[in-house]
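Engineer: Here it is, the structure, as structure tokens.
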Amino acid sequence: MKTLLAKKILEIDLEKKSYQLKKRDDLSHLLGGVGLSMKLYQEFRGKKPLIFSVGPLNGFFPFCSKTSVFFGVKNNVYDYYIGGSLSHRIKFAGLDAIVILGKSRSDIFLDIQDDEVTFLDYGVDFTSQGLPGRRSIIEFKTNKYLLDSYFRFSGSEADSFLNFKNISGIVISGTLNFQVRDKKAYDELYKEILTRYEYLNVKKDEFPSCSGCPMGCKNSNIGENSGNFLVHSIVGCQYAKKLYSNKDLLISCLNILDYSYTHEDIEKYLDTLYNLHNEFIFK
Amino acid sequence: MAKKILKATFENRCNGCELCILEAQRQLGKVGLSDTPVRVLRDASSSNLYFHLVIYEEALENLNLEEIVKICPTGVFEIIEEENENLIS
């Protein structure tokens with residue numbers, strides 16, 4: 001491995017109402033998503049972390065439209081994946097993961113814009129926070145948390161965990177633009193992937209879609225849990241598993257974004273992940 | 001001389017995938033959601049999720065509009081030609 005980019009982790013402490021951005025070179029070998037989340041969970045386990053993380057391709061390539069949501073309750077850990085616009089907002093906020101630690105004393109809204117966090121008391125007009133067109137809103141509605149009033153977590157445990165932390169809502173806005181060195185090659189690869197409908201495991205439909213996915217499938221709002229480690233590390237959609245479990249394609253995508261992962265790196269990474277995975281009891 | 005304009009004629013078909021934004025941004029050499037020629041706003045005020053499109057015509061001037069039309073999976077856009085009143089034919 002030569003040049004891997006440091007991971008940017010936004011740590012939010014609900015008890016102290018404080019936050020800090022950390023650039024972590026030591027985590028750069030972890031692609032992202034479930035791999036990054038497991039490592040962060042291990043580190044912060046005592047503070048009951050709720051971890052949102054994305055992978056290197058979110059925002060940059062089609063069908064990489066999920067966000068990993070990782071947390072633990074008692075001896076069990078949960079890895080959920082939510083769709084919608086969230087992964088693009090986190091990526092364009094310049095973040096790889098958001099780690100929410102501890103529990104707020106009272107109901108709280110988090111307004112996250114890039115690497116800054118505002119702690120809002122319950123009762124503010126939450127929907128007026130964030131930047132329209134560049135924000136995702138997670139909000140408690142009736143009996144569950146919804147993202148943009150449509151997309152939901154794949155299990156009620158995530159709702160319970162957010163509730164336990166006294167988080168009434170989170171708005172995340174991403175304002176950063178990025179550049180890719182070889183624009184022509186990037187555009188060609190992007191469009192080539194976009195045409196590979198035959199590799200997808202889902203039919204096109206007319207429902208709201210996740211960002212970066214044209215399909216509008218009927219399951220876009222349901223979310224996912226567990227599944228293919230590699231796909232959930234780049235945090236792609238499970239319906240695009242055939243596409244992104246192809247390591248040649250994956251490495252082409254990574255290399256075009258200046259990540260220098262090789263086949264060997266990916267194999268080593270997967271070994272690391274399986275070892276980490278054995279330390280937890282997944283639900 | 002006719003000027004080509006991108007119109008979100010069938011906005012009600014938008015599924016919020018944002019591929020149009022990303023296409024326009026790629027043409028401008030960027031990846032992200034800031035300073036975009038096209039913006040997709042989410043309206044979740046009713047029980048369903050709807051999308052509204054805002055198009056900044058001036059920012060689209062030098063872009064390949066056909067590519068933006070082509071990338072939309074639901075056929076939201078069309079290109080219309082409008083006479084430029086400032087030019088004497």
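All residue names refer to the structure tokens as shown: chains lettered A, B, ... in order, residues numbered from 1 in each chain, ligands numbered from 1 in order.
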Should the cut-off be 6 Å, what would the residue list for chain B against chain A look like, counting only C-alpha atoms, as a list in words?

Structural biologist: Asn15, Gly16, Cys17, Glu18, Leu19, Lys30, Val31, Gly32, Ser34, Arg39, Val40, Leu41, Ala44 and Pro73 of chain B

Engineer: Pull C-alpha atoms from the residues just selected and write them as a short mmCIF file (atom, residue, chain, number, x, y, z; two decimals), in the first residue's frame.

Structural biologist:
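Wrote it out as result_25.cif, contents follow:
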```
data_model
loop_
_atom_site.label_atom_id
_atom_site.label_comp_id
_atom_site.auth_asym_id
_atom_site.auth_seq_id
_atom_site.Cartn_x
_atom_site.Cartn_y
_atom_site.Cartn_z
CA ASN B 15 -37.27 10.01 -8.00
CA GLY B 16 -34.58 12.04 -6.23
CA CYS B 17 -31.60 10.03 -7.48
CA GLU B 18 -29.63 13.24 -8.08
CA LEU B 19 -27.83 11.78 -11.11
CA LYS B 30 -16.50 18.65 -9.59
CA VAL B 31 -18.08 16.02 -7.39
CA GLY B 32 -20.41 17.44 -4.76
CA SER B 34 -22.39 22.97 -3.82
CA ARG B 39 -30.67 21.38 -7.37
CA VAL B 40 -33.12 18.75 -6.13
CA LEU B 41 -35.16 19.84 -3.11
CA ALA B 44 -41.55 15.66 2.93
CA PRO B 73 -33.83 7.58 -15.41
#
```

Engineer: Taking 2 positions as the minimum chain separation for residues in the same chain, which residues sit within 8 Å of B:Leu6 when counting only C-alpha atoms? Answer as a list in words.

Structural biologist: Lys4, Ala8, Ile55, Glu57, Leu65, Phe77, Glu78, Ile79 and Ile80 of chain B

Engineer: Applying 12 Å and only C-alpha atoms, which residues near A:His232 remain after dropping the ones on its own chain fewer than 5 positions away? List them as a ChimeraX atom specification.

Structural biologist: /A:30-38,53-58,63-70,79-82,224-227,237-241,244-245,270,273

Engineer: Applying 9 Å and only C-alpha atoms, which residues near A:Glu116 remain after dropping the ones on its own chain fewer than 2 positions away? List them as a PyMOL selection string.

Structural biologist: chain A and resi 10+19-21+111-114+118

Engineer: Residues near stretch 49-51 of chain A, anyone? I mean within 6 Å using only C-alpha atoms, not counting same-chain ones fewer than 6 positions away, as a list of chain:residue names.

Structural biologist: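 Residues meeting the cut-off are A:Val69, A:Phe70, A:Phe71, A:Ile98, A:Val99, A:Ile100, A:Leu101.
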
Engineer: Among the residues of chain B, find those DSSP assigns to strand (DSSP E or B) from the backbone and print them as a PyMOL selection string.

Structural biologist: chain B and resi 2-7+31-32+38-43+50-55+78-83

Engineer: If we count only C-alpha atoms, what is near A:Ser252 at a cut-off of 10 Å, once residues fewer than 4 positions away on the same chain are taken out, given as a list in words?

Structural biologist: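 Once the nearby chain positions are removed, what remains is Tyr186, Leu189, Lys247, Asp248, Ile256, Leu257, Asp258, Tyr259, Ser260, Tyr261 and Thr262 of chain A.
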